[in-house]
>>> print(open('upload-v9.txt').read())   # compact mmCIF, C-alpha atoms and all ligand atoms
# COMPACT_ATOMS: atom_id res chain seq x y z
CA MET A 1 0.00 0.00 0.00
CA ALA A 2 1.27 3.44 -0.89
CA THR A 3 1.40 6.78 0.91
CA VAL A 4 -0.16 9.30 -1.46
CA LEU A 5 -0.15 13.09 -1.24
CA VAL A 6 -3.27 14.48 -2.92
CA THR A 7 -3.19 18.23 -3.55
CA GLY A 8 -6.60 19.81 -3.99
CA GLY A 9 -7.93 16.64 -2.37
CA LEU A 10 -11.16 18.27 -1.20
CA GLY A 11 -12.06 19.55 -4.67
CA TYR A 12 -14.43 17.91 -7.11
CA ILE A 13 -12.16 15.35 -8.78
CA GLY A 14 -9.73 15.25 -5.85
CA SER A 15 -12.35 14.18 -3.31
CA HIS A 16 -13.59 11.31 -5.48
CA THR A 17 -10.00 10.17 -6.03
CA VAL A 18 -9.29 10.30 -2.29
CA VAL A 19 -12.31 8.01 -1.76
CA SER A 20 -10.97 5.52 -4.34
CA LEU A 21 -7.50 5.60 -2.76
CA LEU A 22 -8.80 5.06 0.77
CA GLU A 23 -11.10 2.25 -0.37
CA ALA A 24 -8.10 0.55 -1.97
CA GLY A 25 -6.27 0.74 1.37
CA HIS A 26 -3.75 3.48 0.59
CA LYS A 27 -2.60 6.03 3.16
CA VAL A 28 -3.76 9.47 1.98
CA ILE A 29 -2.48 12.92 2.91
CA VAL A 30 -4.64 15.78 1.66
CA VAL A 31 -3.56 19.39 1.22
CA ASP A 32 -6.17 21.93 0.14
CA ASN A 33 -6.39 25.69 0.67
CA LEU A 34 -10.22 25.57 0.60
CA VAL A 35 -10.55 28.51 -1.80
CA ASN A 36 -12.81 26.53 -4.12
CA THR A 37 -14.35 23.98 -1.75
CA ASN A 38 -15.05 23.56 1.95
CA ALA A 39 -13.83 21.48 4.85
CA ALA A 40 -17.17 19.61 5.10
CA VAL A 41 -16.05 17.55 2.08
CA LEU A 42 -13.72 15.79 4.50
CA ASP A 43 -16.78 14.60 6.45
CA GLY A 44 -18.30 13.25 3.23
CA ILE A 45 -15.09 11.32 2.47
CA THR A 46 -15.00 9.95 6.01
CA ALA A 47 -18.68 8.95 5.93
CA ILE A 48 -18.20 7.04 2.65
CA THR A 49 -14.95 5.27 3.51
CA GLY A 50 -15.01 5.08 7.31
CA LYS A 51 -11.50 6.57 7.20
CA LYS A 52 -10.23 10.10 7.72
CA PRO A 53 -7.23 11.15 5.64
CA GLN A 54 -4.68 13.41 7.25
CA PHE A 55 -5.64 16.92 6.18
CA TYR A 56 -3.55 20.09 5.87
CA PRO A 57 -5.60 23.27 5.19
CA LEU A 58 -2.60 24.92 3.54
CA ASP A 59 -1.79 26.87 0.41
CA LEU A 60 0.82 25.45 -1.97
CA ARG A 61 1.46 28.93 -3.35
CA GLN A 62 3.62 29.34 -0.25
CA PRO A 63 6.89 27.59 -1.20
CA GLU A 64 7.41 26.35 2.36
CA THR A 65 4.17 24.32 2.26
CA ALA A 66 5.59 21.67 -0.08
CA SER A 67 8.91 21.44 1.79
CA MET A 68 7.09 21.12 5.13
CA LEU A 69 4.83 18.33 3.80
CA PHE A 70 7.75 16.32 2.44
CA SER A 71 9.84 16.71 5.58
CA LYS A 72 6.89 15.65 7.77
CA HIS A 73 6.10 12.73 5.46
CA PRO A 74 9.37 11.31 4.14
CA ASP A 75 7.49 8.15 3.11
CA ILE A 76 5.39 9.72 0.31
CA HIS A 77 5.38 7.34 -2.69
CA ALA A 78 3.08 9.22 -5.03
CA VAL A 79 1.70 12.72 -5.58
CA ILE A 80 -1.60 13.32 -7.35
CA HIS A 81 -1.69 17.01 -8.13
CA PHE A 82 -5.17 18.49 -8.57
CA ALA A 83 -4.72 21.85 -6.83
CA ALA A 84 -5.32 24.50 -9.50
CA PHE A 85 -7.76 27.12 -10.70
CA LYS A 86 -10.04 25.83 -13.46
CA ALA A 87 -12.46 28.49 -14.71
CA VAL A 88 -11.73 29.34 -18.33
CA GLY A 89 -13.51 32.73 -18.38
CA GLU A 90 -11.98 33.86 -15.10
CA SER A 91 -8.52 32.95 -16.41
CA VAL A 92 -8.96 35.45 -19.24
CA GLU A 93 -9.73 38.21 -16.72
CA LYS A 94 -7.07 37.20 -14.17
CA PRO A 95 -4.26 35.54 -16.13
CA LEU A 96 -1.61 36.23 -13.50
CA ASP A 97 -3.62 34.51 -10.77
CA TYR A 98 -3.79 31.46 -13.02
CA TYR A 99 -0.10 31.44 -13.91
CA GLN A 100 0.87 32.05 -10.31
CA ASN A 101 -1.40 29.39 -8.82
CA ASN A 102 -1.27 26.68 -11.45
CA LEU A 103 2.42 26.95 -12.31
CA ASN A 104 4.11 28.10 -9.09
CA THR A 105 2.49 25.33 -7.07
CA LEU A 106 3.62 22.79 -9.66
CA VAL A 107 7.21 24.07 -9.51
CA TYR A 108 7.28 24.14 -5.69
CA LEU A 109 5.98 20.58 -5.53
CA LEU A 110 8.45 19.36 -8.13
CA GLN A 111 11.36 20.91 -6.25
CA GLU A 112 10.60 18.34 -3.54
CA VAL A 113 9.42 15.49 -5.75
CA VAL A 114 12.58 15.35 -7.88
CA LYS A 115 14.70 14.60 -4.80
CA LYS A 116 13.35 11.03 -4.64
CA PRO A 117 11.75 8.46 -6.95
CA ILE A 118 8.21 9.64 -6.38
CA ALA A 119 5.41 8.93 -8.87
CA PHE A 120 3.70 12.11 -10.05
CA ILE A 121 0.27 12.43 -11.65
CA PHE A 122 -0.76 15.71 -13.22
CA SER A 123 -4.29 16.93 -14.00
CA SER A 124 -4.21 17.98 -17.61
CA SER A 125 -7.11 18.66 -19.93
CA CYS A 126 -8.46 17.85 -23.38
CA THR A 127 -8.41 21.62 -23.84
CA VAL A 128 -4.76 21.16 -25.00
CA TYR A 129 -6.10 19.76 -28.31
CA GLY A 130 -8.33 22.75 -29.17
CA GLN A 131 -10.51 21.77 -32.14
CA ALA A 132 -8.75 18.60 -33.19
CA LEU A 133 -8.78 17.82 -36.90
CA GLU A 134 -9.47 14.12 -36.34
CA LEU A 135 -12.07 12.58 -34.07
CA PRO A 136 -11.92 10.65 -31.82
CA ILE A 137 -8.83 12.43 -30.51
CA LEU A 138 -5.59 10.47 -30.11
CA GLU A 139 -2.90 11.47 -27.61
CA THR A 140 -0.62 12.08 -30.60
CA ALA A 141 -2.89 14.85 -31.95
CA PRO A 142 -1.06 18.17 -32.07
CA VAL A 143 -1.25 20.47 -29.07
CA LEU A 144 -2.63 23.71 -30.47
CA LYS A 145 -2.11 27.24 -29.21
CA ALA A 146 -4.14 27.51 -26.00
CA MET A 147 -7.37 29.48 -26.23
CA SER A 148 -7.18 30.72 -22.62
CA PRO A 149 -4.63 31.29 -19.86
CA TYR A 150 -6.20 28.30 -18.07
CA GLY A 151 -5.52 26.07 -21.06
CA ASN A 152 -2.04 27.50 -21.35
CA THR A 153 -1.25 26.56 -17.74
CA LYS A 154 -2.08 22.94 -18.63
CA GLN A 155 0.16 23.02 -21.71
CA ILE A 156 3.03 24.72 -19.86
CA GLY A 157 2.53 22.33 -16.95
CA GLU A 158 3.03 19.36 -19.27
CA GLU A 159 6.15 21.00 -20.72
CA ILE A 160 7.62 21.68 -17.27
CA LEU A 161 7.07 18.02 -16.41
CA GLN A 162 8.70 16.79 -19.62
CA ASP A 163 11.73 19.00 -18.97
CA CYS A 164 12.00 17.63 -15.43
CA CYS A 165 11.76 14.04 -16.69
CA LEU A 166 14.74 14.73 -18.95
CA ALA A 167 16.76 16.34 -16.18
CA TYR A 168 15.89 13.79 -13.45
CA PRO A 169 15.89 10.29 -14.98
CA HIS A 170 14.35 8.69 -11.88
CA LEU A 171 11.24 10.92 -12.18
CA LYS A 172 8.12 9.20 -13.57
CA VAL A 173 5.19 11.36 -14.55
CA THR A 174 1.75 10.70 -15.99
CA ALA A 175 -0.41 13.53 -17.31
CA LEU A 176 -4.09 12.67 -17.55
CA ARG A 177 -5.96 14.71 -20.12
CA TYR A 178 -9.49 14.83 -18.77
CA PHE A 179 -12.45 15.24 -21.06
CA ASN A 180 -15.66 16.55 -19.37
CA PRO A 181 -16.05 15.25 -15.81
CA ILE A 182 -19.64 15.11 -14.54
CA GLY A 183 -21.67 13.34 -11.87
CA ALA A 184 -21.09 12.55 -8.23
CA HIS A 185 -20.40 9.66 -5.87
CA GLU A 186 -23.33 7.23 -5.66
CA SER A 187 -23.80 8.07 -1.97
CA ALA A 188 -24.46 11.72 -2.89
CA LEU A 189 -22.15 12.62 0.02
CA ILE A 190 -19.60 14.32 -2.24
CA GLY A 191 -19.99 16.02 -5.61
CA GLU A 192 -19.33 19.23 -7.51
CA LEU A 193 -19.73 22.49 -5.60
CA PRO A 194 -19.81 25.26 -8.21
CA ILE A 195 -19.36 28.75 -6.80
CA GLY A 196 -21.83 31.29 -8.18
CA VAL A 197 -23.46 30.70 -11.55
CA PRO A 198 -22.15 27.42 -12.99
CA GLN A 199 -20.24 27.81 -16.24
CA ASN A 200 -20.32 24.09 -17.04
CA LEU A 201 -23.29 22.41 -18.64
CA VAL A 202 -24.28 19.70 -16.18
CA PRO A 203 -24.36 21.74 -12.95
CA PHE A 204 -26.32 24.39 -14.87
CA ILE A 205 -28.84 21.74 -15.95
CA THR A 206 -29.29 20.27 -12.47
CA GLN A 207 -29.56 23.73 -10.87
CA THR A 208 -32.24 24.58 -13.43
CA GLY A 209 -33.95 21.29 -12.59
CA VAL A 210 -34.28 22.22 -8.91
CA GLY A 211 -35.42 25.75 -9.76
CA LYS A 212 -32.24 27.64 -8.83
CA ARG A 213 -31.98 28.85 -12.45
CA ALA A 214 -34.90 29.80 -14.68
CA GLN A 215 -33.67 28.12 -17.86
CA LEU A 216 -30.61 26.79 -19.61
CA SER A 217 -29.15 28.65 -22.56
CA VAL A 218 -27.90 26.16 -25.15
CA PHE A 219 -24.91 27.90 -26.70
CA GLY A 220 -25.33 27.49 -30.45
CA ASN A 221 -27.61 25.24 -32.53
CA ASP A 222 -26.00 25.70 -35.90
CA TYR A 223 -22.76 23.76 -35.43
CA PRO A 224 -21.88 21.17 -38.09
CA THR A 225 -23.07 18.28 -35.88
CA PRO A 226 -26.11 15.98 -36.32
CA ASP A 227 -28.40 18.13 -34.12
CA GLY A 228 -26.50 21.43 -34.45
CA THR A 229 -25.25 21.51 -30.83
CA CYS A 230 -21.68 20.93 -29.62
CA ILE A 231 -20.39 17.47 -28.87
CA ARG A 232 -18.32 16.54 -25.81
CA ASP A 233 -17.13 13.41 -24.03
CA TYR A 234 -18.82 13.41 -20.61
CA ILE A 235 -17.11 11.12 -18.12
CA HIS A 236 -18.41 10.09 -14.70
CA VAL A 237 -16.12 11.55 -12.02
CA VAL A 238 -15.90 8.14 -10.30
CA ASP A 239 -14.52 6.64 -13.52
CA LEU A 240 -12.07 9.52 -13.65
CA ALA A 241 -11.01 8.82 -10.05
CA GLU A 242 -10.37 5.19 -10.99
CA ALA A 243 -8.18 6.32 -13.89
CA HIS A 244 -5.89 8.01 -11.34
CA MET A 245 -5.59 4.76 -9.43
CA ALA A 246 -4.68 2.89 -12.60
CA ALA A 247 -2.10 5.54 -13.55
CA MET A 248 -0.60 5.49 -10.06
CA ASN A 249 -0.37 1.70 -9.97
CA ARG A 250 1.43 1.69 -13.31
CA LEU A 251 3.99 4.20 -12.02
CA LEU A 252 4.49 2.47 -8.67
CA ASN A 253 4.81 -0.99 -10.20
CA LEU A 254 7.45 0.39 -12.57
CA THR A 255 5.61 -1.07 -15.55
CA SER A 256 6.16 2.18 -17.40
CA LYS A 257 9.42 2.45 -19.32
CA ALA A 258 8.82 6.00 -20.48
CA SER A 259 9.37 8.66 -17.87
CA PHE A 260 6.60 10.96 -19.17
CA GLU A 261 3.32 9.62 -20.48
CA VAL A 262 -0.01 11.19 -21.37
CA PHE A 263 -3.40 9.51 -21.49
CA ASN A 264 -6.80 10.66 -22.61
CA VAL A 265 -9.39 10.08 -19.92
CA GLY A 266 -12.81 10.00 -21.49
CA THR A 267 -15.48 7.50 -22.42
CA GLY A 268 -14.74 7.57 -26.14
CA LYS A 269 -18.34 8.53 -26.84
CA GLY A 270 -19.41 11.99 -27.93
CA SER A 271 -22.74 13.42 -26.75
CA SER A 272 -24.40 16.61 -27.94
CA VAL A 273 -25.84 19.23 -25.60
CA LEU A 274 -29.35 18.12 -26.60
CA GLU A 275 -28.47 14.50 -25.80
CA VAL A 276 -27.27 15.55 -22.35
CA ILE A 277 -30.56 17.38 -21.80
CA LYS A 278 -32.48 14.26 -22.90
CA ALA A 279 -30.49 12.08 -20.51
CA TYR A 280 -31.28 14.51 -17.69
CA GLU A 281 -34.98 14.50 -18.58
CA LYS A 282 -35.05 10.70 -18.61
CA VAL A 283 -33.38 10.21 -15.23
CA SER A 284 -35.23 13.06 -13.49
CA GLY A 285 -38.63 12.51 -15.08
CA ARG A 286 -38.84 16.29 -15.64
CA SER A 287 -38.61 18.41 -18.71
CA LEU A 288 -35.87 21.04 -18.78
CA PRO A 289 -36.67 24.63 -19.74
CA PHE A 290 -34.09 25.77 -22.27
CA VAL A 291 -33.60 28.28 -25.08
CA PHE A 292 -31.12 28.41 -27.91
CA ALA A 293 -28.59 31.21 -27.51
CA PRO A 294 -25.63 32.39 -29.62
CA PRO A 295 -22.48 30.23 -29.54
CA ARG A 296 -20.11 30.81 -26.61
CA GLN A 297 -16.80 32.30 -27.62
CA GLY A 298 -13.96 29.81 -27.54
CA ASP A 299 -16.13 26.67 -27.72
CA VAL A 300 -14.94 23.94 -30.06
CA THR A 301 -17.52 22.08 -32.17
CA ALA A 302 -16.72 18.56 -31.07
CA ALA A 303 -14.24 16.78 -28.82
CA TYR A 304 -14.22 13.16 -27.72
CA ALA A 305 -11.43 10.81 -26.81
CA ASN A 306 -9.84 7.87 -28.46
CA THR A 307 -9.44 5.73 -25.32
CA HIS A 308 -7.41 2.90 -26.82
CA LYS A 309 -4.17 3.89 -25.07
CA ALA A 310 -5.78 4.12 -21.62
CA SER A 311 -7.53 0.79 -22.02
CA THR A 312 -4.56 -1.13 -23.39
CA VAL A 313 -1.73 0.47 -21.40
CA LEU A 314 -3.45 1.42 -18.14
CA GLY A 315 -6.04 -1.36 -18.26
CA TRP A 316 -8.66 1.26 -17.46
CA GLN A 317 -11.89 2.17 -19.16
CA ALA A 318 -15.00 4.10 -18.19
CA ARG A 319 -17.81 1.96 -16.78
CA PHE A 320 -20.65 4.46 -16.39
CA SER A 321 -23.04 5.64 -19.09
CA LEU A 322 -24.14 9.22 -19.63
CA GLU A 323 -27.50 8.42 -18.04
CA GLU A 324 -25.87 6.91 -14.95
CA ALA A 325 -23.65 9.95 -14.62
CA MET A 326 -26.63 12.30 -15.02
CA ALA A 327 -28.61 10.33 -12.43
CA SER A 328 -25.78 10.75 -9.92
CA ALA A 329 -25.49 14.49 -10.71
CA TRP A 330 -29.25 14.83 -10.18
CA ALA A 331 -29.15 12.93 -6.86
CA TRP A 332 -26.31 15.20 -5.69
CA GLU A 333 -28.14 18.39 -6.66
CA ASN A 334 -31.18 17.22 -4.71
CA LYS A 335 -29.00 16.33 -1.74
CA LEU A 336 -27.67 19.91 -1.72
CA LEU A 337 -31.25 21.13 -1.19
CA SER A 338 -31.62 19.20 2.05
C1 LIG A 401 -14.98 23.60 -20.23
C2 LIG A 401 -13.71 24.33 -20.49
C3 LIG A 401 -12.57 23.35 -20.49
C4 LIG A 401 -12.53 22.58 -19.18
C5 LIG A 401 -13.89 21.89 -19.01
C6 LIG A 401 -14.00 21.13 -17.71
C7 LIG A 401 -14.43 26.26 -21.88
C8 LIG A 401 -14.33 26.90 -23.23
N1 LIG A 401 -13.79 25.06 -21.73
O1 LIG A 401 -15.14 22.68 -21.30
O2 LIG A 401 -11.35 24.02 -20.69
O3 LIG A 401 -11.50 21.63 -19.22
O4 LIG A 401 -14.92 22.87 -19.04
O5 LIG A 401 -14.11 21.99 -16.62
O6 LIG A 401 -15.04 26.78 -20.96
N2 LIG A 401 -23.09 24.73 -22.65
C9 LIG A 401 -24.33 25.29 -22.90
N3 LIG A 401 -24.90 26.06 -21.94
C10 LIG A 401 -24.30 26.29 -20.72
C11 LIG A 401 -23.03 25.70 -20.48
C12 LIG A 401 -22.45 24.95 -21.47
O7 LIG A 401 -24.91 25.11 -23.98
O8 LIG A 401 -24.87 27.02 -19.89
C13 LIG A 401 -22.48 23.89 -23.69
C14 LIG A 401 -21.14 24.43 -24.19
O9 LIG A 401 -21.32 25.28 -25.27
C15 LIG A 401 -20.44 23.11 -24.58
C16 LIG A 401 -21.02 22.06 -23.62
O10 LIG A 401 -22.23 22.63 -23.12
O11 LIG A 401 -20.80 22.75 -25.86
C17 LIG A 401 -20.11 21.73 -22.49
O12 LIG A 401 -19.72 22.95 -21.86
P1 LIG A 401 -18.86 22.96 -20.50
O13 LIG A 401 -19.51 22.07 -19.49
O14 LIG A 401 -18.63 24.38 -20.13
O15 LIG A 401 -17.52 22.23 -20.92
P2 LIG A 401 -16.48 22.61 -22.07
O16 LIG A 401 -16.78 23.91 -22.69
O17 LIG A 401 -16.36 21.43 -22.96
>>> encode(input="upload-v9.txt", output="structure tokens")
Amino acid sequence: MATVLVTGGLGYIGSHTVVSLLEAGHKVIVVDNLVNTNAAVLDGITAITGKKPQFYPLDLRQPETASMLFSKHPDIHAVIHFAAFKAVGESVEKPLDYYQNNLNTLVYLLQEVVKKPIAFIFSSSCTVYGQALELPILETAPVLKAMSPYGNTKQIGEEILQDCCLAYPHLKVTALRYFNPIGAHESALIGELPIGVPQNLVPFITQTGVGKRAQLSVFGNDYPTPDGTCIRDYIHVVDLAEAHMAAMNRLLNLTSKASFEVFNVGTGKGSSVLEVIKAYEKVSGRSLPFVFAPPRQGDVTAAYANTHKASTVLGWQARFSLEEAMASAWAWENKLLS
């Protein structure tokens, strides 16, 4: 069993990954500055697993945080690094906050990680592909110029990691390029906690479903897709959490020869905005009020993963359907009302 440091471990994807790690018997240390979540998530994790990870409410933007964590825990085998800002629109308004948070924390962590053979897993994003020319998207597709500072931090993050792998041959890194994470743990004890008006589709749908929002605006209905709305690869967050376990096991078991690897983490299936709405309507038994609105700037027409590499190399593939993911998102939204 491994000792795993999870940064941003109380966030949306982080908390689900902490649950998977604890359920598999690993020792988990969580660091989270709580700027985009709250400490009650720890109670949800504990209620699900019956275990409480060691928690540090600290900010990795302070360089001494990483050094303190590694000197207190010399036995860390793996780091799963989620801690980052993730709102595309906000990153355009506050680019320096994004570069400072997403890149400085990565550098401070790596300054400690490179001292020992520690496995490192980085949260990257399918945003690095932009509008890929070929679908489904392979990991070998070109990385296009980022459309936002947020996307750029993911591209630069991958480059920093590749440079470190060259300089420190014992370093093993996996970057997971997430497609669109949705849904919540089946217990509805943890899930996504969007601050303010949700920018992402699924929390906007479920908030509309419970009456917090009047209606959904579907951004664009004239795209060159079968129903005119954009296509994405929506992946259940619990599947995504499991992908981190698979990536970590590969690094710890030294089955990886390459020192830097990237994997797409998606279902391989594209769904349009209207299909997501239909899935919501089926699982909730309600109809969703929506209107068509102009396209959102920066949106690509279609993006979904080729998952061959993850399934053959990591031995991982998504288990949950879009409807199952929507049902869990709906249960979570209802839980938030109580
Ligand atoms: C967004 C980010 C991406 C990030 C991902 C996961 C942008 C441009 N991209 O991806 O970098 O990795 O979230 O956090 O923001 N939609 C509506 N109405 C809404 C909201 C969304 O029609 O109110 C549509 C969008 O046009 C898109 C789809 O739903 O076609 C999914 O949108 P969203 O959930 O924001 O994800 P992405 O834009 O794919």
>>> residues_around(input="upload-v9.txt", residues="A:Asp43", least_positions_apart="2", cutoff="12 Å", atoms="only C-alpha atoms", output="list in words")
Leu10, Ser15, Val19, Asn38, Ala39, Ala40, Val41, Ile45, Thr46, Ala47, Ile48, Thr49, Gly50, Lys51, Lys52, Pro53, Phe55, Leu189 and Ile190 of chain A
>>> residues_around(input="upload-v9.txt", residues="A:Trp332", least_positions_apart="4", cutoff="7 Å", atoms="all atoms listed in the file", output="ChimeraX atom specification")
/A:184,188,191,328,336
>>> residues_near_ligand(input="upload-v9.txt", ligand="ligand LIG 401 (chain A)", cutoff="7 Å", atoms="all atoms listed in the file", output="PyMOL selection string")
chain A and resi 86-89+125-127+151+179-181+199-202+204+216-220+229-232+273+295-296+298-299
>>> write_last_selection(input="upload-v9.txt", atoms="C-alpha atoms", output="compact mmCIF listing (two decimals), keeping the file's coordinate frame")
# COMPACT_ATOMS: atom_id res chain seq x y z
CA LYS A 86 -10.04 25.83 -13.46
CA ALA A 87 -12.46 28.49 -14.71
CA VAL A 88 -11.73 29.34 -18.33
CA GLY A 89 -13.51 32.73 -18.38
CA SER A 125 -7.11 18.66 -19.93
CA CYS A 126 -8.46 17.85 -23.38
CA THR A 127 -8.41 21.62 -23.84
CA GLY A 151 -5.52 26.07 -21.06
CA PHE A 179 -12.45 15.24 -21.06
CA ASN A 180 -15.66 16.55 -19.37
CA PRO A 181 -16.05 15.25 -15.81
CA GLN A 199 -20.24 27.81 -16.24
CA ASN A 200 -20.32 24.09 -17.04
CA LEU A 201 -23.29 22.41 -18.64
CA VAL A 202 -24.28 19.70 -16.18
CA PHE A 204 -26.32 24.39 -14.87
CA LEU A 216 -30.61 26.79 -19.61
CA SER A 217 -29.15 28.65 -22.56
CA VAL A 218 -27.90 26.16 -25.15
CA PHE A 219 -24.91 27.90 -26.70
CA GLY A 220 -25.33 27.49 -30.45
CA THR A 229 -25.25 21.51 -30.83
CA CYS A 230 -21.68 20.93 -29.62
CA ILE A 231 -20.39 17.47 -28.87
CA ARG A 232 -18.32 16.54 -25.81
CA VAL A 273 -25.84 19.23 -25.60
CA PRO A 295 -22.48 30.23 -29.54
CA ARG A 296 -20.11 30.81 -26.61
CA GLY A 298 -13.96 29.81 -27.54
CA ASP A 299 -16.13 26.67 -27.72
>>> residues_around(input="upload-v9.txt", residues="stretch 98-115 of chain A", least_positions_apart="2", cutoff="10 Å", atoms="all atoms listed in the file", output="PyMOL selection string")
chain A and resi 7+59-71+76-79+81-88+90-96+117-120+122+149-154+156-157+160-161+164-165+167-172
>>> atom_distance(input="upload-v9.txt", atom1="atom CA of A:Val262", atom2="atom CA of A:Thr174")
5.7 Å
>>> atom_distance(input="upload-v9.txt", atom1="atom CA of A:Gln207", atom2="atom CA of A:Glu333")
6.9 Å
>>> closest_atom_pairs(input="upload-v9.txt", of="stretch 178-263 of chain A", to="stretch 132-144 of chain A", cutoff="10 Å", atoms="all atoms listed in the file", output="CSV")
residue,atom,partner,partner_atom,distance
A:Asp233,CA,A:Pro136,CA,9.8
A:Glu261,CA,A:Glu139,CA,9.6
A:Val262,CA,A:Glu139,CA,6.9
A:Phe263,CA,A:Glu139,CA,6.4
>>> residues_around(input="upload-v9.txt", residues="A:Thr312", least_positions_apart="5", cutoff="12 Å", atoms="all atoms listed in the file", output="ChimeraX atom specification")
/A:246,263,306-307,317
>>> closest_residue(input="upload-v9.txt", among="A:Val238, A:Ala293, A:Val35, A:Ala318", to="A:Asp222", atoms="all atoms listed in the file")
A:Ala293
>>> residues_near_point(input="upload-v9.txt", point="(-30.8, 19.7, -32.8)", cutoff="7 Å", atoms="all atoms listed in the file", output="ChimeraX atom specification")
/A:221,226-229,274
>>> atom_distance(input="upload-v9.txt", atom1="atom CA of A:Phe290", atom2="atom CA of A:Ile195")
21.6 Å
>>> closest_residue(input="upload-v9.txt", among="A:Pro74, A:Leu166, A:Ser284, A:Leu22", to="A:Ser259", atoms="all atoms listed in the file")
A:Leu166
>>> axis_aligned_box(input="upload-v9.txt", around="stretch 230-247 of chain A", padding_each_side="6 Å", output="AutoDock Vina command-line options")
--center_x -11.9 --center_y 11.9 --center_z -19.5 --size_x 31.6 --size_y 30.0 --size_z 32.2
>>> closest_residue(input="upload-v9.txt", among="A:Pro198, A:Gly130, A:Gly25, A:Gly209", to="A:Ala331", atoms="all atoms listed in the file")
A:Gly209
>>> closest_residue(input="upload-v9.txt", among="A:Val313, A:Ala327, A:Leu254, A:Ile205", to="A:Leu288", atoms="only C-alpha atoms")
A:Ile205
